[in-house]
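> mmCIF, N, CA and C atoms, saved as my_file-v2.cif, coming up:
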```cif
data_start
loop_
_atom_site.label_atom_id
_atom_site.label_comp_id
_atom_site.auth_asym_id
_atom_site.auth_seq_id
_atom_site.Cartn_x
_atom_site.Cartn_y
_atom_site.Cartn_z
N MET A 1 0.87 -1.17 0.00
CA MET A 1 0.00 0.00 0.00
C MET A 1 0.91 1.23 0.00
N ASP A 2 0.67 2.15 -0.92
CA ASP A 2 1.51 3.33 -0.99
C ASP A 2 1.23 4.25 0.21
N PRO A 3 2.16 5.14 0.54
CA PRO A 3 2.01 5.98 1.73
C PRO A 3 0.77 6.87 1.73
N ILE A 4 0.40 7.42 0.57
CA ILE A 4 -0.78 8.29 0.52
C ILE A 4 -2.04 7.49 0.83
N THR A 5 -2.14 6.29 0.26
CA THR A 5 -3.30 5.44 0.53
C THR A 5 -3.35 5.06 2.00
N ALA A 6 -2.20 4.68 2.55
CA ALA A 6 -2.15 4.30 3.96
C ALA A 6 -2.57 5.46 4.86
N THR A 7 -2.13 6.66 4.53
CA THR A 7 -2.50 7.84 5.32
C THR A 7 -3.99 8.11 5.20
N ALA A 8 -4.55 7.98 4.01
CA ALA A 8 -5.99 8.20 3.81
C ALA A 8 -6.81 7.18 4.59
N VAL A 9 -6.39 5.92 4.55
CA VAL A 9 -7.10 4.87 5.30
C VAL A 9 -7.04 5.18 6.79
N ALA A 10 -5.84 5.52 7.28
CA ALA A 10 -5.69 5.80 8.70
C ALA A 10 -6.48 7.03 9.12
N ALA A 11 -6.47 8.08 8.31
CA ALA A 11 -7.19 9.31 8.65
C ALA A 11 -8.70 9.05 8.72
N ALA A 12 -9.24 8.34 7.74
CA ALA A 12 -10.68 8.04 7.75
C ALA A 12 -11.03 7.17 8.96
N ALA A 13 -10.18 6.20 9.26
CA ALA A 13 -10.42 5.34 10.42
C ALA A 13 -10.36 6.14 11.72
N LEU A 14 -9.43 7.09 11.80
CA LEU A 14 -9.32 7.92 13.00
C LEU A 14 -10.53 8.83 13.18
N VAL A 15 -11.07 9.34 12.08
CA VAL A 15 -12.29 10.15 12.17
C VAL A 15 -13.42 9.29 12.72
N ALA A 16 -13.56 8.08 12.19
CA ALA A 16 -14.63 7.18 12.67
C ALA A 16 -14.40 6.81 14.13
N LYS A 17 -13.17 6.50 14.49
CA LYS A 17 -12.84 6.14 15.88
C LYS A 17 -13.14 7.30 16.81
N GLY A 18 -12.74 8.50 16.42
CA GLY A 18 -12.99 9.67 17.25
C GLY A 18 -14.48 9.94 17.40
N ALA A 19 -15.23 9.76 16.32
CA ALA A 19 -16.68 9.98 16.37
C ALA A 19 -17.34 8.94 17.27
N LEU A 20 -16.89 7.69 17.20
CA LEU A 20 -17.44 6.65 18.07
C LEU A 20 -17.16 6.97 19.54
N GLU A 21 -15.93 7.38 19.81
CA GLU A 21 -15.55 7.68 21.19
C GLU A 21 -16.28 8.92 21.70
N SER A 22 -16.47 9.91 20.83
CA SER A 22 -17.19 11.11 21.23
C SER A 22 -18.63 10.78 21.59
N ALA A 23 -19.20 9.82 20.88
CA ALA A 23 -20.57 9.41 21.19
C ALA A 23 -20.64 8.78 22.56
N GLY A 24 -19.50 8.29 23.05
CA GLY A 24 -19.45 7.67 24.37
C GLY A 24 -19.37 8.66 25.51
N GLY A 25 -19.24 9.93 25.21
CA GLY A 25 -19.21 10.94 26.26
C GLY A 25 -17.86 11.61 26.41
N GLU A 26 -17.72 12.40 27.42
CA GLU A 26 -16.52 13.20 27.65
C GLU A 26 -15.27 12.34 27.79
N ALA A 27 -15.37 11.19 28.44
CA ALA A 27 -14.20 10.34 28.61
C ALA A 27 -13.65 9.91 27.25
N GLY A 28 -14.53 9.60 26.33
CA GLY A 28 -14.09 9.22 24.99
C GLY A 28 -13.45 10.36 24.24
N ARG A 29 -14.00 11.55 24.38
CA ARG A 29 -13.45 12.71 23.68
C ARG A 29 -12.02 12.99 24.09
N SER A 30 -11.68 12.71 25.33
CA SER A 30 -10.34 13.04 25.79
C SER A 30 -9.31 11.99 25.39
N SER A 31 -9.74 10.87 24.78
CA SER A 31 -8.79 9.81 24.46
C SER A 31 -7.79 10.23 23.38
N TRP A 32 -8.21 11.08 22.46
CA TRP A 32 -7.27 11.61 21.49
C TRP A 32 -7.71 13.00 21.09
N ALA A 33 -7.04 14.00 21.64
CA ALA A 33 -7.41 15.39 21.41
C ALA A 33 -7.24 15.79 19.94
N GLY A 34 -6.40 15.07 19.22
CA GLY A 34 -6.16 15.39 17.82
C GLY A 34 -7.34 15.11 16.91
N PHE A 35 -8.34 14.40 17.40
CA PHE A 35 -9.54 14.13 16.60
C PHE A 35 -10.14 15.43 16.09
N THR A 36 -10.24 16.42 16.96
CA THR A 36 -10.81 17.72 16.55
C THR A 36 -9.91 18.40 15.53
N ARG A 37 -8.59 18.33 15.73
CA ARG A 37 -7.67 18.95 14.76
C ARG A 37 -7.77 18.26 13.40
N LEU A 38 -7.86 16.94 13.40
CA LEU A 38 -7.98 16.20 12.15
C LEU A 38 -9.27 16.58 11.43
N THR A 39 -10.37 16.58 12.17
CA THR A 39 -11.66 16.93 11.57
C THR A 39 -11.64 18.36 11.03
N ASP A 40 -11.09 19.28 11.80
CA ASP A 40 -11.01 20.67 11.36
C ASP A 40 -10.14 20.81 10.10
N ARG A 41 -9.03 20.06 10.06
CA ARG A 41 -8.15 20.14 8.89
C ARG A 41 -8.85 19.59 7.65
N LEU A 42 -9.57 18.49 7.81
CA LEU A 42 -10.32 17.93 6.68
C LEU A 42 -11.38 18.91 6.20
N ARG A 43 -12.13 19.46 7.14
CA ARG A 43 -13.20 20.39 6.79
C ARG A 43 -12.63 21.62 6.06
N ALA A 44 -11.49 22.13 6.54
CA ALA A 44 -10.87 23.29 5.91
C ALA A 44 -10.40 22.96 4.48
N ARG A 45 -9.81 21.79 4.31
CA ARG A 45 -9.30 21.42 2.98
C ARG A 45 -10.44 21.14 2.01
N PHE A 46 -11.51 20.52 2.50
CA PHE A 46 -12.64 20.22 1.62
C PHE A 46 -13.34 21.50 1.18
N GLY A 47 -13.22 22.56 1.99
CA GLY A 47 -13.76 23.86 1.62
C GLY A 47 -15.18 23.82 1.12
N GLY A 48 -15.39 24.25 -0.11
CA GLY A 48 -16.73 24.32 -0.68
C GLY A 48 -17.19 23.06 -1.38
N ASP A 49 -16.44 21.96 -1.21
CA ASP A 49 -16.82 20.70 -1.83
C ASP A 49 -17.92 20.06 -0.98
N ASP A 50 -19.15 20.26 -1.40
CA ASP A 50 -20.29 19.77 -0.62
C ASP A 50 -20.30 18.26 -0.47
N GLU A 51 -19.87 17.54 -1.49
CA GLU A 51 -19.86 16.07 -1.41
C GLU A 51 -18.85 15.57 -0.38
N ALA A 52 -17.65 16.15 -0.40
CA ALA A 52 -16.62 15.73 0.55
C ALA A 52 -17.03 16.09 1.98
N THR A 53 -17.57 17.28 2.16
CA THR A 53 -18.02 17.70 3.49
C THR A 53 -19.16 16.82 3.97
N ALA A 54 -20.06 16.45 3.07
CA ALA A 54 -21.16 15.55 3.43
C ALA A 54 -20.62 14.18 3.85
N ALA A 55 -19.57 13.70 3.19
CA ALA A 55 -18.97 12.42 3.55
C ALA A 55 -18.38 12.49 4.96
N LEU A 56 -17.72 13.60 5.27
CA LEU A 56 -17.17 13.79 6.62
C LEU A 56 -18.29 13.83 7.65
N ASP A 57 -19.34 14.57 7.36
CA ASP A 57 -20.47 14.67 8.29
C ASP A 57 -21.16 13.32 8.48
N GLN A 58 -21.24 12.54 7.41
CA GLN A 58 -21.87 11.21 7.50
C GLN A 58 -21.09 10.31 8.45
N VAL A 59 -19.77 10.36 8.39
CA VAL A 59 -18.96 9.54 9.30
C VAL A 59 -19.14 10.02 10.74
N HIS A 60 -19.30 11.32 10.94
CA HIS A 60 -19.55 11.83 12.29
C HIS A 60 -20.89 11.34 12.82
N ARG A 61 -21.89 11.28 11.94
CA ARG A 61 -23.23 10.82 12.36
C ARG A 61 -23.30 9.32 12.53
N ARG A 62 -22.61 8.59 11.63
CA ARG A 62 -22.70 7.12 11.62
C ARG A 62 -21.30 6.53 11.48
N PRO A 63 -20.48 6.62 12.54
CA PRO A 63 -19.09 6.18 12.44
C PRO A 63 -18.89 4.68 12.20
N ALA A 64 -19.88 3.87 12.47
CA ALA A 64 -19.75 2.43 12.24
C ALA A 64 -20.17 2.03 10.82
N ASP A 65 -20.61 2.98 10.03
CA ASP A 65 -21.05 2.72 8.66
C ASP A 65 -19.81 2.59 7.76
N GLU A 66 -19.49 1.35 7.39
CA GLU A 66 -18.28 1.09 6.61
C GLU A 66 -18.30 1.80 5.26
N ALA A 67 -19.46 1.89 4.64
CA ALA A 67 -19.55 2.56 3.34
C ALA A 67 -19.23 4.05 3.49
N ALA A 68 -19.71 4.66 4.57
CA ALA A 68 -19.43 6.08 4.81
C ALA A 68 -17.94 6.30 5.04
N VAL A 69 -17.31 5.42 5.80
CA VAL A 69 -15.87 5.55 6.07
C VAL A 69 -15.08 5.37 4.78
N THR A 70 -15.49 4.43 3.95
CA THR A 70 -14.81 4.20 2.66
C THR A 70 -14.96 5.42 1.75
N THR A 71 -16.13 6.01 1.72
CA THR A 71 -16.35 7.21 0.91
C THR A 71 -15.45 8.35 1.40
N LEU A 72 -15.39 8.55 2.71
CA LEU A 72 -14.52 9.59 3.26
C LEU A 72 -13.07 9.30 2.91
N GLN A 73 -12.67 8.05 3.03
CA GLN A 73 -11.29 7.67 2.69
C GLN A 73 -10.97 8.05 1.24
N ARG A 74 -11.90 7.82 0.35
CA ARG A 74 -11.66 8.14 -1.07
C ARG A 74 -11.50 9.64 -1.28
N PHE A 75 -12.30 10.44 -0.58
CA PHE A 75 -12.13 11.89 -0.70
C PHE A 75 -10.79 12.32 -0.13
N ILE A 76 -10.43 11.80 1.02
CA ILE A 76 -9.14 12.15 1.63
C ILE A 76 -8.00 11.78 0.68
N HIS A 77 -8.07 10.59 0.13
CA HIS A 77 -7.04 10.11 -0.80
C HIS A 77 -6.93 11.03 -2.02
N SER A 78 -8.06 11.38 -2.58
CA SER A 78 -8.09 12.25 -3.76
C SER A 78 -7.45 13.60 -3.47
N TYR A 79 -7.82 14.20 -2.35
CA TYR A 79 -7.26 15.50 -1.99
C TYR A 79 -5.77 15.40 -1.67
N ALA A 80 -5.35 14.32 -1.02
CA ALA A 80 -3.94 14.15 -0.67
C ALA A 80 -3.08 13.98 -1.92
N LEU A 81 -3.61 13.31 -2.93
CA LEU A 81 -2.87 13.15 -4.18
C LEU A 81 -2.62 14.49 -4.87
N ARG A 82 -3.57 15.41 -4.73
CA ARG A 82 -3.48 16.71 -5.42
C ARG A 82 -2.78 17.77 -4.60
N ASP A 83 -2.62 17.56 -3.30
CA ASP A 83 -2.11 18.62 -2.42
C ASP A 83 -1.05 18.06 -1.46
N PRO A 84 0.24 18.21 -1.80
CA PRO A 84 1.30 17.66 -0.95
C PRO A 84 1.32 18.25 0.47
N ARG A 85 0.93 19.49 0.61
CA ARG A 85 0.91 20.09 1.96
C ARG A 85 -0.18 19.43 2.81
N PHE A 86 -1.33 19.21 2.22
CA PHE A 86 -2.42 18.52 2.91
C PHE A 86 -1.98 17.11 3.29
N GLU A 87 -1.33 16.42 2.38
CA GLU A 87 -0.83 15.07 2.66
C GLU A 87 0.13 15.09 3.85
N ALA A 88 1.04 16.07 3.87
CA ALA A 88 2.00 16.18 4.97
C ALA A 88 1.28 16.46 6.30
N ASP A 89 0.29 17.34 6.27
CA ASP A 89 -0.48 17.64 7.48
C ASP A 89 -1.18 16.39 8.00
N LEU A 90 -1.77 15.62 7.10
CA LEU A 90 -2.45 14.38 7.51
C LEU A 90 -1.45 13.40 8.11
N GLY A 91 -0.28 13.30 7.49
CA GLY A 91 0.76 12.41 8.01
C GLY A 91 1.13 12.76 9.43
N THR A 92 1.24 14.05 9.70
CA THR A 92 1.57 14.52 11.06
C THR A 92 0.46 14.16 12.04
N LEU A 93 -0.78 14.41 11.65
CA LEU A 93 -1.91 14.12 12.54
C LEU A 93 -2.05 12.62 12.79
N VAL A 94 -1.82 11.80 11.77
CA VAL A 94 -1.89 10.35 11.95
C VAL A 94 -0.75 9.88 12.85
N ALA A 95 0.44 10.46 12.68
CA ALA A 95 1.58 10.10 13.54
C ALA A 95 1.30 10.49 15.00
N GLU A 96 0.67 11.64 15.20
CA GLU A 96 0.30 12.06 16.56
C GLU A 96 -0.65 11.04 17.19
N ALA A 97 -1.55 10.51 16.39
CA ALA A 97 -2.49 9.51 16.90
C ALA A 97 -1.72 8.27 17.35
N GLY A 98 -0.72 7.87 16.56
CA GLY A 98 0.10 6.72 16.95
C GLY A 98 0.89 6.99 18.21
N ALA A 99 1.42 8.20 18.34
CA ALA A 99 2.19 8.56 19.53
C ALA A 99 1.31 8.58 20.77
N SER A 100 0.07 9.04 20.61
CA SER A 100 -0.82 9.09 21.76
C SER A 100 -1.27 7.70 22.19
N ASN A 101 -1.02 6.72 21.31
CA ASN A 101 -1.37 5.33 21.61
C ASN A 101 -0.11 4.56 22.01
N GLY A 102 0.83 5.25 22.65
CA GLY A 102 2.05 4.60 23.09
C GLY A 102 3.01 4.28 21.96
N GLY A 103 2.85 4.98 20.82
CA GLY A 103 3.74 4.75 19.70
C GLY A 103 3.38 3.53 18.87
N ARG A 104 2.27 2.91 19.20
CA ARG A 104 1.85 1.71 18.47
C ARG A 104 0.61 2.02 17.67
N GLY A 105 0.64 1.68 16.41
CA GLY A 105 -0.52 1.85 15.57
C GLY A 105 -1.59 0.85 15.96
N ASN A 106 -2.79 1.11 15.55
CA ASN A 106 -3.89 0.22 15.89
C ASN A 106 -4.61 -0.16 14.60
N VAL A 107 -4.38 -1.37 14.14
CA VAL A 107 -5.02 -1.84 12.92
C VAL A 107 -6.10 -2.82 13.31
N ASN A 108 -7.28 -2.62 12.80
CA ASN A 108 -8.35 -3.56 13.10
C ASN A 108 -8.95 -4.08 11.80
N ALA A 109 -9.85 -5.01 11.91
CA ALA A 109 -10.42 -5.65 10.73
C ALA A 109 -11.12 -4.65 9.82
N THR A 110 -11.76 -3.64 10.39
CA THR A 110 -12.45 -2.65 9.57
C THR A 110 -11.47 -1.87 8.71
N VAL A 111 -10.33 -1.48 9.29
CA VAL A 111 -9.32 -0.75 8.53
C VAL A 111 -8.79 -1.62 7.40
N ILE A 112 -8.51 -2.88 7.70
CA ILE A 112 -8.00 -3.78 6.68
C ILE A 112 -9.05 -4.00 5.59
N LYS A 113 -10.29 -4.23 5.99
CA LYS A 113 -11.35 -4.49 5.03
C LYS A 113 -11.57 -3.28 4.11
N ASN A 114 -11.46 -2.07 4.67
CA ASN A 114 -11.74 -0.87 3.90
C ASN A 114 -10.54 -0.34 3.14
N ALA A 115 -9.40 -0.98 3.27
CA ALA A 115 -8.21 -0.51 2.56
C ALA A 115 -8.37 -0.74 1.06
N THR A 116 -8.16 0.29 0.29
CA THR A 116 -8.20 0.18 -1.16
C THR A 116 -6.75 0.11 -1.61
N THR A 117 -6.35 -1.03 -2.15
CA THR A 117 -4.95 -1.22 -2.48
C THR A 117 -4.67 -1.16 -3.97
N PHE A 118 -5.69 -0.98 -4.79
CA PHE A 118 -5.51 -0.92 -6.23
C PHE A 118 -4.76 -2.15 -6.74
N ASN A 119 -5.18 -3.32 -6.24
CA ASN A 119 -4.64 -4.62 -6.64
C ASN A 119 -3.15 -4.77 -6.35
N GLU A 120 -2.67 -4.10 -5.34
CA GLU A 120 -1.28 -4.25 -4.93
C GLU A 120 -1.23 -5.17 -3.72
N GLN A 121 -0.09 -5.81 -3.53
CA GLN A 121 0.09 -6.67 -2.38
C GLN A 121 0.27 -5.80 -1.14
N VAL A 122 -0.37 -6.20 -0.05
CA VAL A 122 -0.22 -5.52 1.22
C VAL A 122 0.63 -6.41 2.12
N THR A 123 1.72 -5.86 2.64
CA THR A 123 2.62 -6.62 3.49
C THR A 123 2.65 -6.00 4.88
N PHE A 124 2.45 -6.83 5.89
CA PHE A 124 2.53 -6.38 7.28
C PHE A 124 3.87 -6.83 7.84
N GLN A 125 4.52 -5.92 8.56
CA GLN A 125 5.79 -6.27 9.21
C GLN A 125 5.62 -6.12 10.70
N GLY A 126 6.33 -6.91 11.46
CA GLY A 126 6.24 -6.85 12.91
C GLY A 126 5.04 -7.62 13.39
N GLY A 127 4.72 -7.45 14.65
CA GLY A 127 3.60 -8.16 15.24
C GLY A 127 2.27 -7.56 14.83
N LEU A 128 1.30 -8.40 14.73
CA LEU A 128 -0.06 -7.95 14.43
C LEU A 128 -0.92 -8.27 15.64
N ASN A 129 -1.42 -7.24 16.27
CA ASN A 129 -2.24 -7.41 17.47
C ASN A 129 -3.67 -7.13 17.10
N ILE A 130 -4.50 -8.14 17.15
CA ILE A 130 -5.91 -7.99 16.83
C ILE A 130 -6.69 -7.99 18.12
N ASN A 131 -7.40 -6.88 18.36
CA ASN A 131 -8.19 -6.76 19.59
C ASN A 131 -9.61 -7.12 19.33
#
```
As structure tokens, please, write out the structure in this file.

Amino acid sequence: MDPITATAVAAAALVAKGALESAGGEAGRSSWAGFTRLTDRLRARFGGDDEATAALDQVHRRPADEAAVTTLQRFIHSYALRDPRFEADLGTLVAEAGASNGGRGNVNATVIKNATTFNEQVTFQGGLNIN
């Protein structure tokens, strides 16, 4: 999986994760403060693109909806391909999420299932922890 695709998958998954945790109340919201920064950065980059903004809003309303997360991922990927600064910002926010999780990424079945690899081989290195 190329780095831009991986970042798009991770960013969409983090939006869904943050929305799920926010629905759980204040304790969930504090689990990763960068959720708000990520959402704000996406909203700012999507600007007047009503479809992309609607995809973001849909994930906020229904974070467990795999189709909504996949649609958001595709918008994020598209914008990251066209805008290197946006891609770099997303990379930073995704890295912050990993750091806030003790430096360990969190891959789950939904992220793997929703990964669009364009028929490329996906290789995992290191341990795979499935919760």
> Quote the spacing between atom C of Glu96 of chain A and atom N of Ala12 of chain A in Å to one decimal place.
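If I compute the distance from atom C of Glu96 of chain A to atom N of Ala12 of chain A, I get 13.1 Å.
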> The PyMOL selection byres ((chain A and resi 60) around 7) - which residues does that actually catch in the file I just gave you? List them as an mmCIF file with N, CA and C atoms, in the coordinates of the input.

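Heads up, here's the output in part_13.cif:
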```cif
data_model
loop_
_atom_site.group_PDB
_atom_site.id
_atom_site.type_symbol
_atom_site.label_atom_id
_atom_site.label_comp_id
_atom_site.auth_asym_id
_atom_site.auth_seq_id
_atom_site.Cartn_x
_atom_site.Cartn_y
_atom_site.Cartn_z
ATOM 1 N N VAL A 15 -11.070 9.340 12.080
ATOM 2 C CA VAL A 15 -12.290 10.150 12.170
ATOM 3 C C VAL A 15 -13.420 9.290 12.720
ATOM 4 N N ALA A 16 -13.560 8.080 12.190
ATOM 5 C CA ALA A 16 -14.630 7.180 12.670
ATOM 6 C C ALA A 16 -14.400 6.810 14.130
ATOM 7 N N ALA A 19 -15.230 9.760 16.320
ATOM 8 C CA ALA A 19 -16.680 9.980 16.370
ATOM 9 C C ALA A 19 -17.340 8.940 17.270
ATOM 10 N N LEU A 20 -16.890 7.690 17.200
ATOM 11 C CA LEU A 20 -17.440 6.650 18.070
ATOM 12 C C LEU A 20 -17.160 6.970 19.540
ATOM 13 N N ALA A 55 -19.570 13.700 3.190
ATOM 14 C CA ALA A 55 -18.970 12.420 3.550
ATOM 15 C C ALA A 55 -18.380 12.490 4.960
ATOM 16 N N LEU A 56 -17.720 13.600 5.270
ATOM 17 C CA LEU A 56 -17.170 13.790 6.620
ATOM 18 C C LEU A 56 -18.290 13.830 7.650
ATOM 19 N N ASP A 57 -19.340 14.570 7.360
ATOM 20 C CA ASP A 57 -20.470 14.670 8.290
ATOM 21 C C ASP A 57 -21.160 13.320 8.480
ATOM 22 N N GLN A 58 -21.240 12.540 7.410
ATOM 23 C CA GLN A 58 -21.870 11.210 7.500
ATOM 24 C C GLN A 58 -21.090 10.310 8.450
ATOM 25 N N VAL A 59 -19.770 10.360 8.390
ATOM 26 C CA VAL A 59 -18.960 9.540 9.300
ATOM 27 C C VAL A 59 -19.140 10.020 10.740
ATOM 28 N N ARG A 61 -21.890 11.280 11.940
ATOM 29 C CA ARG A 61 -23.230 10.820 12.360
ATOM 30 C C ARG A 61 -23.300 9.320 12.530
ATOM 31 N N ARG A 62 -22.610 8.590 11.630
ATOM 32 C CA ARG A 62 -22.700 7.120 11.620
ATOM 33 C C ARG A 62 -21.300 6.530 11.480
ATOM 34 N N PRO A 63 -20.480 6.620 12.540
ATOM 35 C CA PRO A 63 -19.090 6.180 12.440
ATOM 36 C C PRO A 63 -18.890 4.680 12.200
#
```
> For the file shown, what are the residues hit by the PyMOL selection byres ((chain A and resi 72-84) around 7), laid out as a list in words?
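Selection result, ordered by chain and number: Ile4, Thr5, Thr7, Ala8, Val9, Ala11, Ala12, Ala13, Ala52, Ala55, Leu56, Ala67, Ala68, Val69, Thr70, Thr71, Arg85, Phe86, Glu87, Ala88 and Asp89 of chain A.
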> At what distance in Å, to one decimal, does atom CA of Ala10 of chain A lie from atom CA of Leu93 of chain A?
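Distance reported for this atom pair: 9.9 Å.
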> By how many Å are atom N of Phe35 of chain A and atom N of Glu66 of chain A apart?
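Straight-line distance from atom N of Phe35 of chain A to atom N of Glu66 of chain A works out to 19.9 Å.
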> Apply DSSP to the backbone of this structure and, from segment 40-91 of chain A, keep only the residues in helix (DSSP H, G or I); write these as a PyMOL selection string.
chain A and resi 40-46+50-61+66-82+84-91
> Let me make sure I understand: among A:Ser22, A:Gly48, A:Ala6, A:Ala97, which one has the smallest atom-to-atom distance to Gly34 of chain A if we use all atoms listed in the file?
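Checking each candidate against Gly34 of chain A, we get A:Ala97 as the closest.
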> Which of these residues is nearest to Gly18 of chain A, using only C-alpha atoms: A:Met1, A:Thr53, A:Leu90, A:Arg37?
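Ranking A:Met1, A:Thr53, A:Leu90, A:Arg37 by distance to Gly18 of chain A, first place goes to A:Arg37.
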